[in-house]
$ cat start-v1.cif   # mmCIF, C-alpha atoms
data_target
#
loop_
_atom_site.label_atom_id
_atom_site.label_comp_id
_atom_site.auth_asym_id
_atom_site.auth_seq_id
_atom_site.Cartn_x
_atom_site.Cartn_y
_atom_site.Cartn_z
CA MET U 277 -29.71 49.01 -2.93
CA THR U 278 -32.85 51.10 -3.49
CA LYS U 279 -36.01 49.59 -2.11
CA THR U 280 -38.90 48.94 -4.44
CA ILE U 281 -42.23 50.60 -3.70
CA GLU U 282 -43.57 47.24 -2.60
CA GLU U 283 -40.73 46.85 -0.11
CA ARG U 284 -41.37 50.36 1.20
CA LEU U 285 -45.03 49.49 1.71
CA ARG U 286 -44.15 46.39 3.72
CA ALA U 287 -41.50 48.19 5.77
CA GLY U 288 -43.85 51.06 6.70
CA ILE U 289 -46.90 49.06 7.81
CA ASP U 290 -46.17 49.39 11.54
CA GLY U 291 -46.37 53.18 11.32
CA MET U 292 -49.66 53.29 9.39
CA THR U 293 -53.17 53.99 10.61
CA ARG U 294 -55.80 51.26 10.40
CA ALA U 295 -57.17 52.64 7.11
CA GLU U 296 -53.67 53.02 5.68
CA ARG U 297 -52.84 49.40 6.59
CA GLN U 298 -56.03 48.31 4.86
CA LEU U 299 -54.99 50.25 1.77
CA ALA U 300 -51.42 48.89 1.93
CA GLY U 301 -52.76 45.34 2.18
CA HIS U 302 -54.92 45.88 -0.89
CA LEU U 303 -51.96 47.29 -2.83
CA LEU U 304 -49.71 44.39 -1.82
CA ARG U 305 -52.29 41.77 -2.76
CA HIS U 306 -52.84 43.34 -6.17
CA TYR U 307 -49.40 44.85 -6.80
CA PRO U 308 -48.74 46.68 -9.10
CA VAL U 309 -52.04 46.62 -11.03
CA ALA U 310 -54.09 48.25 -8.26
CA ALA U 311 -51.88 51.34 -8.34
CA LEU U 312 -52.21 51.98 -12.05
CA GLY U 313 -55.76 53.38 -11.90
CA SER U 314 -57.10 56.64 -10.51
CA VAL U 315 -57.09 57.68 -6.85
CA THR U 316 -60.83 57.10 -6.77
CA ALA U 317 -60.58 53.61 -8.26
CA LEU U 318 -57.82 52.61 -5.82
CA ALA U 319 -59.77 54.00 -2.83
CA ARG U 320 -62.91 52.16 -3.92
CA GLY U 321 -61.04 48.88 -4.40
CA ALA U 322 -59.47 49.11 -0.94
CA ALA U 323 -62.68 50.41 0.71
CA VAL U 324 -60.95 53.53 2.03
CA SER U 325 -61.26 57.24 1.33
CA SER U 326 -59.35 59.13 -1.36
CA PRO U 327 -57.56 61.28 1.28
CA THR U 328 -56.25 58.03 2.80
CA VAL U 329 -54.64 57.19 -0.54
CA VAL U 330 -52.98 60.60 -0.73
CA ARG U 331 -51.72 60.41 2.86
CA LEU U 332 -50.23 56.96 2.34
CA VAL U 333 -48.29 57.83 -0.82
CA GLN U 334 -46.90 60.89 0.95
CA LYS U 335 -45.80 58.71 3.86
CA LEU U 336 -43.94 56.61 1.31
CA GLY U 337 -41.99 59.70 0.26
CA PHE U 338 -43.89 60.77 -2.86
CA LYS U 339 -45.09 64.31 -3.51
CA GLY U 340 -48.50 63.05 -4.51
CA TYR U 341 -50.38 60.32 -6.33
CA PRO U 342 -49.06 61.22 -9.83
CA ASP U 343 -45.49 60.97 -8.50
CA PHE U 344 -46.36 57.61 -6.88
CA GLN U 345 -47.81 56.30 -10.15
CA ALA U 346 -44.72 57.44 -12.06
CA GLY U 347 -42.63 55.34 -9.69
CA ILE U 348 -44.91 52.34 -10.20
CA ARG U 349 -44.72 52.68 -13.99
CA ALA U 350 -40.93 52.90 -13.85
CA GLU U 351 -40.83 49.62 -11.92
CA VAL U 352 -43.20 47.98 -14.42
CA GLU U 353 -40.91 49.07 -17.27
CA GLU U 354 -37.98 47.63 -15.34
CA ARG U 355 -39.71 44.25 -15.32
CA LEU U 356 -39.79 44.12 -19.09
CA VAL U 357 -36.27 45.31 -19.85
CA SER U 358 -34.57 43.19 -22.52
CA PRO U 359 -31.07 41.65 -22.22
CA LEU U 360 -29.67 44.13 -24.76
CA VAL U 361 -31.00 47.13 -22.85
CA LYS U 362 -29.64 45.69 -19.61
CA HIS U 363 -26.18 45.33 -21.10
CA ASP U 364 -26.14 48.90 -22.40
CA ARG U 365 -27.23 50.24 -19.02
CA TRP U 366 -24.47 48.41 -17.16
CA ALA U 367 -21.81 49.16 -19.75
CA GLY U 368 -22.44 52.90 -19.47
CA GLY U 369 -20.63 53.31 -16.16
CA VAL U 370 -18.21 50.42 -15.93
CA PRO U 371 -15.92 50.73 -12.89
CA ASP U 372 -12.21 50.24 -13.32
CA THR U 373 -12.20 47.04 -11.27
CA HIS U 374 -12.15 43.63 -12.93
CA ILE U 375 -15.40 41.98 -14.00
CA LEU U 376 -14.81 39.17 -11.48
CA ASN U 377 -14.84 41.67 -8.63
CA ARG U 378 -17.77 43.68 -9.94
CA PHE U 379 -19.85 40.60 -10.57
CA ALA U 380 -19.01 39.06 -7.19
CA ASP U 381 -19.86 42.31 -5.40
CA ALA U 382 -23.23 42.44 -7.16
CA VAL U 383 -23.99 38.80 -6.33
CA LEU U 384 -23.06 39.22 -2.67
CA GLY U 385 -25.22 42.34 -2.47
CA ASN U 386 -28.10 40.43 -4.06
CA LEU U 387 -27.75 37.61 -1.56
CA GLN U 388 -27.65 39.93 1.45
CA ALA U 389 -30.66 41.92 0.25
CA THR U 390 -32.62 38.74 -0.53
CA LEU U 391 -32.00 37.12 2.85
CA ALA U 392 -32.73 40.36 4.71
CA GLN U 393 -36.29 40.48 3.42
CA ILE U 394 -37.22 36.82 3.97
CA ASP U 395 -39.94 36.38 6.58
CA HIS U 396 -38.64 33.53 8.74
CA ALA U 397 -42.12 32.41 9.78
CA GLU U 398 -43.21 32.18 6.14
CA PHE U 399 -40.04 30.29 5.21
CA ASP U 400 -40.61 27.81 8.05
CA ALA U 401 -44.26 27.40 7.01
CA VAL U 402 -43.22 26.54 3.45
CA ALA U 403 -40.64 24.03 4.68
CA ALA U 404 -43.32 22.40 6.86
CA LEU U 405 -45.69 22.14 3.90
CA MET U 406 -43.03 20.46 1.79
CA ALA U 407 -42.09 18.09 4.62
CA ASP U 408 -45.69 16.94 5.10
CA PRO U 409 -45.89 13.34 3.77
CA GLY U 410 -49.60 13.80 3.12
CA ARG U 411 -48.89 16.36 0.41
CA GLN U 412 -47.48 15.81 -3.06
CA VAL U 413 -44.86 18.37 -4.09
CA TYR U 414 -44.57 19.73 -7.64
CA ALA U 415 -42.19 22.25 -9.19
CA THR U 416 -42.09 24.22 -12.43
CA GLY U 417 -40.37 27.21 -13.97
CA GLY U 418 -39.88 29.21 -17.13
CA ARG U 419 -37.36 29.10 -19.95
CA ILE U 420 -34.41 29.89 -17.65
CA THR U 421 -35.80 29.10 -14.22
CA HIS U 422 -37.01 25.61 -15.16
CA ALA U 423 -33.44 24.52 -14.45
CA MET U 424 -33.95 25.67 -10.86
CA ALA U 425 -37.15 23.62 -10.62
CA ASP U 426 -35.31 20.58 -12.00
CA TYR U 427 -32.50 21.06 -9.46
CA PHE U 428 -35.03 21.33 -6.62
CA VAL U 429 -36.87 18.16 -7.68
CA THR U 430 -33.66 16.14 -8.15
CA HIS U 431 -32.67 16.79 -4.53
CA MET U 432 -36.16 16.69 -3.05
CA LYS U 433 -36.69 13.19 -4.49
CA VAL U 434 -33.82 12.04 -2.28
CA ILE U 435 -35.39 13.65 0.78
CA ARG U 436 -38.95 12.34 0.35
CA PRO U 437 -41.30 10.55 -2.06
CA GLY U 438 -44.13 12.19 -3.95
CA VAL U 439 -42.15 14.88 -5.78
CA SER U 440 -42.65 15.72 -9.47
CA LEU U 441 -41.29 18.15 -12.04
CA ILE U 442 -43.94 19.69 -14.29
CA SER U 443 -42.68 20.45 -17.79
CA GLU U 444 -42.90 24.01 -19.06
CA MET U 445 -44.69 22.59 -22.11
CA SER U 446 -48.44 23.06 -21.72
CA ASN U 447 -49.26 19.63 -23.19
CA ALA U 448 -47.69 18.09 -20.05
CA TRP U 449 -49.93 20.00 -17.63
CA PRO U 450 -53.19 18.00 -17.77
CA PRO U 451 -51.61 14.69 -16.58
CA ALA U 452 -49.97 16.56 -13.69
CA LEU U 453 -53.00 18.65 -12.79
CA ILE U 454 -55.37 15.67 -12.77
CA GLU U 455 -53.23 14.13 -10.00
CA MET U 456 -53.00 17.37 -8.00
CA ARG U 457 -55.13 17.40 -4.86
CA PRO U 458 -56.17 20.24 -2.53
CA GLY U 459 -53.30 20.90 -0.16
CA ASP U 460 -50.57 19.67 -2.51
CA VAL U 461 -47.68 22.08 -3.02
CA LEU U 462 -46.52 23.73 -6.25
CA LEU U 463 -43.18 25.53 -6.18
CA ALA U 464 -43.03 27.90 -9.17
CA PHE U 465 -40.14 30.04 -10.40
CA ASP U 466 -40.77 33.14 -12.52
CA ILE U 467 -38.44 36.11 -13.00
CA ARG U 468 -38.50 38.87 -15.61
CA ARG U 469 -39.43 38.66 -18.44
CA TYR U 470 -42.43 36.87 -16.96
CA GLU U 471 -43.83 33.96 -18.90
CA ASN U 472 -47.48 33.31 -19.68
CA ASN U 473 -47.09 29.55 -19.32
CA VAL U 474 -45.96 29.88 -15.69
CA LEU U 475 -48.86 32.21 -14.91
CA GLN U 476 -51.37 29.87 -16.54
CA LEU U 477 -50.06 26.77 -14.77
CA VAL U 478 -50.00 28.51 -11.38
CA GLU U 479 -53.55 29.77 -11.90
CA MET U 480 -54.79 26.28 -12.81
CA ALA U 481 -52.96 24.69 -9.85
CA ALA U 482 -54.49 27.23 -7.47
CA GLU U 483 -57.92 26.37 -8.86
CA GLN U 484 -57.17 22.72 -8.00
CA GLY U 485 -56.58 23.81 -4.40
CA ALA U 486 -52.79 23.59 -4.48
CA GLU U 487 -50.69 25.66 -2.08
CA VAL U 488 -48.59 27.74 -4.48
CA VAL U 489 -45.12 28.91 -3.43
CA LEU U 490 -43.61 31.45 -5.83
CA ILE U 491 -39.95 32.41 -6.08
CA THR U 492 -39.69 35.57 -8.16
CA ASP U 493 -37.76 38.86 -8.36
CA PRO U 494 -38.20 42.31 -6.73
CA TRP U 495 -40.63 43.40 -9.45
CA VAL U 496 -42.88 40.38 -8.75
CA SER U 497 -44.33 37.99 -11.32
CA PRO U 498 -48.07 38.29 -12.07
CA ALA U 499 -48.31 34.71 -10.81
CA ALA U 500 -48.05 36.16 -7.29
CA ALA U 501 -51.78 36.87 -7.43
CA HIS U 502 -52.37 33.11 -7.09
CA ALA U 503 -49.57 32.28 -4.64
CA ARG U 504 -50.01 31.72 -0.92
CA TYR U 505 -46.32 32.30 -0.27
CA ARG U 506 -43.87 34.43 -2.24
CA PHE U 507 -40.13 35.01 -1.91
CA SER U 508 -38.47 37.77 -3.95
CA ALA U 509 -34.82 37.32 -4.86
CA GLN U 510 -32.50 40.08 -6.05
CA ILE U 511 -31.22 39.22 -9.52
CA GLU U 512 -29.46 42.25 -11.06
CA VAL U 513 -25.78 41.91 -11.98
CA PRO U 514 -23.44 43.62 -14.50
CA SER U 515 -24.50 41.32 -17.34
CA ALA U 516 -27.06 41.06 -20.13
CA TRP U 517 -28.68 38.27 -18.08
CA ASP U 518 -30.06 38.26 -14.59
CA SER U 519 -28.37 36.19 -11.88
CA THR U 520 -30.05 33.20 -10.23
CA VAL U 521 -27.47 32.83 -7.45
CA ALA U 522 -29.75 34.22 -4.72
CA ILE U 523 -32.54 31.94 -5.97
CA GLN U 524 -30.15 28.97 -5.79
CA VAL U 525 -29.35 29.80 -2.17
CA LEU U 526 -33.05 30.00 -1.34
CA VAL U 527 -33.65 26.61 -2.95
CA GLU U 528 -30.73 24.92 -1.19
CA THR U 529 -31.71 26.42 2.16
CA LEU U 530 -35.28 25.21 1.66
CA LEU U 531 -33.99 21.73 0.86
CA ALA U 532 -31.88 21.77 4.03
CA ALA U 533 -34.89 22.88 6.10
CA VAL U 534 -37.12 20.11 4.74
CA GLN U 535 -34.36 17.54 5.24
CA SER U 536 -34.01 18.63 8.86
CA LEU U 537 -37.75 18.22 9.46
CA THR U 538 -37.83 14.72 7.93
CA TRP U 539 -34.37 13.48 8.87
CA GLN U 540 -35.31 10.10 10.36
CA GLU U 541 -37.25 9.09 7.25
CA THR U 542 -34.79 10.82 4.92
CA ALA U 543 -31.75 9.08 6.42
CA ALA U 544 -33.32 5.66 5.83
CA ARG U 545 -34.29 6.69 2.31
CA MET U 546 -30.77 7.92 1.54
CA LYS U 547 -29.23 4.71 2.88
CA ARG U 548 -31.45 2.60 0.62
CA LEU U 549 -30.71 4.87 -2.33
CA GLU U 550 -26.96 4.52 -1.80
CA GLU U 551 -27.37 0.74 -1.79
CA LEU U 552 -29.18 0.91 -5.12
CA TYR U 553 -26.51 3.19 -6.58
CA ALA U 554 -23.84 0.73 -5.45
CA ARG U 555 -25.63 -2.22 -7.05
CA ALA U 556 -26.03 -0.32 -10.30
CA ARG U 557 -22.37 0.84 -10.16
CA PHE U 558 -23.68 4.28 -10.93
CA PHE U 559 -20.69 6.27 -9.62
CA ARG U 560 -17.05 5.86 -10.56
CA ARG U 561 -14.80 4.74 -7.73
CA MET U 562 -11.90 7.00 -6.76
CA LYS U 563 -8.53 5.34 -7.26
#
$ encode --input "start-v1.cif" --output "structure tokens"
Amino acid sequence: MTKTIEERLRAGIDGMTRAERQLAGHLLRHYPVAALGSVTALARGAAVSSPTVVRLVQKLGFKGYPDFQAGIRAEVEERLVSPLVKHDRWAGGVPDTHILNRFADAVLGNLQATLAQIDHAEFDAVAALMADPGRQVYATGGRITHAMADYFVTHMKVIRPGVSLISEMSNAWPPALIEMRPGDVLLAFDIRRYENNVLQLVEMAAEQGAEVVLITDPWVSPAAAHARYRFSAQIEVPSAWDSTVAIQVLVETLLAAVQSLTWQETAARMKRLEELYARARFFRRMK
């Protein structure tokens, strides 16, 4: 799978000079907007020289800055592709194998690529934040990804108290935000086509002092500008819709990590919950 420009920047940092690392850091913090201006504007924003900009883009494999910008613009266009366009693109070169095989191959490739780029230290730091009983945990998502937020909250409520789902409807934000304290955690989901309501909520939560964790795609939601931690999941499959399988795996692994960190408290909580389910006769008994 072809690496995005952002991935190439991250992968090449060890081989960069001090000035190039400074420039790469600026690009990554403001990706992709910082790269859409002139060489001079980018150099000024990163506090480096214009020749440093040219040298870095050449190290990334581009002929020059115009070629680099063309690659950036192509990725930006990819973010905004509609379901109909996606279907036409996939349908143009359909392999002879069955859709089950093609789809499964794509999903497995997505999962491998997603896990390969996860920074283990960052993942562990996020799990520790979510396991901290002194922090409230919130989750939200967009039109499609709100289901992932709901799934996360349903399971996290079993693991620990103080977990809330924030509706994607903006009229539900003020009651949630007024309770949000500095250090609380907001897990946000946003994949293409990125949604203004997610960006606005993340921005407001960050202003409240929340630690924002963003799960997005390889092209990166604009909400990343306000996130302390970001995980990018591969989502492309031979379909008019993007796949959330890799995101689901990230969520379930995160839940398992938090559960492991809080197991003594979680086990007691689960035992009490099972007693309440039994009293309410919530589940059907197997005959």
$ resolve_selection --input "start-v1.cif" --expression "the PyMOL selection byres ((chain U and resi 328) around 12)" --output "number ranges by chain"
U: 292-300, 315-316, 318-320, 322-327, 329-335, 340-341
$ residues_near_point --input "start-v1.cif" --point "(-43.7, 18.7, -3.3)" --cutoff "6 Å" --atoms "all atoms listed in the file" --output "number ranges by chain"
U: 406, 412-414, 439, 461
$ atom_distance --input "start-v1.cif" --atom1 "CA of Ala350 in chain U" --atom2 "CA of Pro308 in chain U"
11.1 Å
$ residues_around --input "start-v1.cif" --residues "Glu282 in chain U" --least-positions-apart "5" --cutoff "9 Å" --atoms "all atoms listed in the file" --output "VMD selection string"
chain U and resid 287 303 to 304 307 to 308 494 to 495
$ closest_residue --input "start-v1.cif" --among "U:Thr430, U:Thr280, U:Ser446, U:Ser314" --to "Gln393 in chain U" --atoms "only C-alpha atoms"
U:Thr280
$ closest_residue --input "start-v1.cif" --among "U:Ser536, U:Gln484, U:Ser508, U:Thr421" --to "Gly459 in chain U" --atoms "all atoms listed in the file"
U:Gln484
$ resolve_selection --input "start-v1.cif" --expression "the PyMOL selection byres ((chain U and resi 501) around 12)" --output "PyMOL selection string"
chain U and resi 302-310+475-476+478-479+482+488-490+496-500+502-506
$ resolve_selection --input "start-v1.cif" --expression "the PyMOL selection byres ((chain U and resi 509) around 6)" --output "PDB file with C-alpha atoms, in the frame of the given file"
ATOM      1  CA  THR U 390     -32.620  38.740  -0.530  1.00  0.00           C
ATOM      2  CA  ASP U 493     -37.760  38.860  -8.360  1.00  0.00           C
ATOM      3  CA  SER U 508     -38.470  37.770  -3.950  1.00  0.00           C
ATOM      4  CA  GLN U 510     -32.500  40.080  -6.050  1.00  0.00           C
ATOM      5  CA  ALA U 522     -29.750  34.220  -4.720  1.00  0.00           C
ATOM      6  CA  ILE U 523     -32.540  31.940  -5.970  1.00  0.00           C
TER       7      ILE U 523
END
$ closest_residue --input "start-v1.cif" --among "U:Lys339, U:Arg557, U:Arg411, U:Lys279" --to "Met456 in chain U" --atoms "all atoms listed in the file"
U:Arg411
$ closest_residue --input "start-v1.cif" --among "U:Asp290, U:Glu283, U:Ile375, U:Gly347" --to "Ala389 in chain U" --atoms "only C-alpha atoms"
U:Glu283
$ closest_residue --input "start-v1.cif" --among "U:Met445, U:Ile491, U:Leu537, U:Leu526" --to "Asp408 in chain U" --atoms "all atoms listed in the file"
U:Leu537
$ residues_around --input "start-v1.cif" --residues "Ala407 in chain U" --least-positions-apart "4" --cutoff "10 Å" --atoms "all atoms listed in the file" --output "PyMOL selection string"
chain U and resi 401-403+411-413+432+435-436+531+533-539
$ closest_residue --input "start-v1.cif" --among "U:Gly385, U:Gly337, U:Gly291, U:Gly301" --to "Ile511 in chain U" --atoms "all atoms listed in the file"
U:Gly385
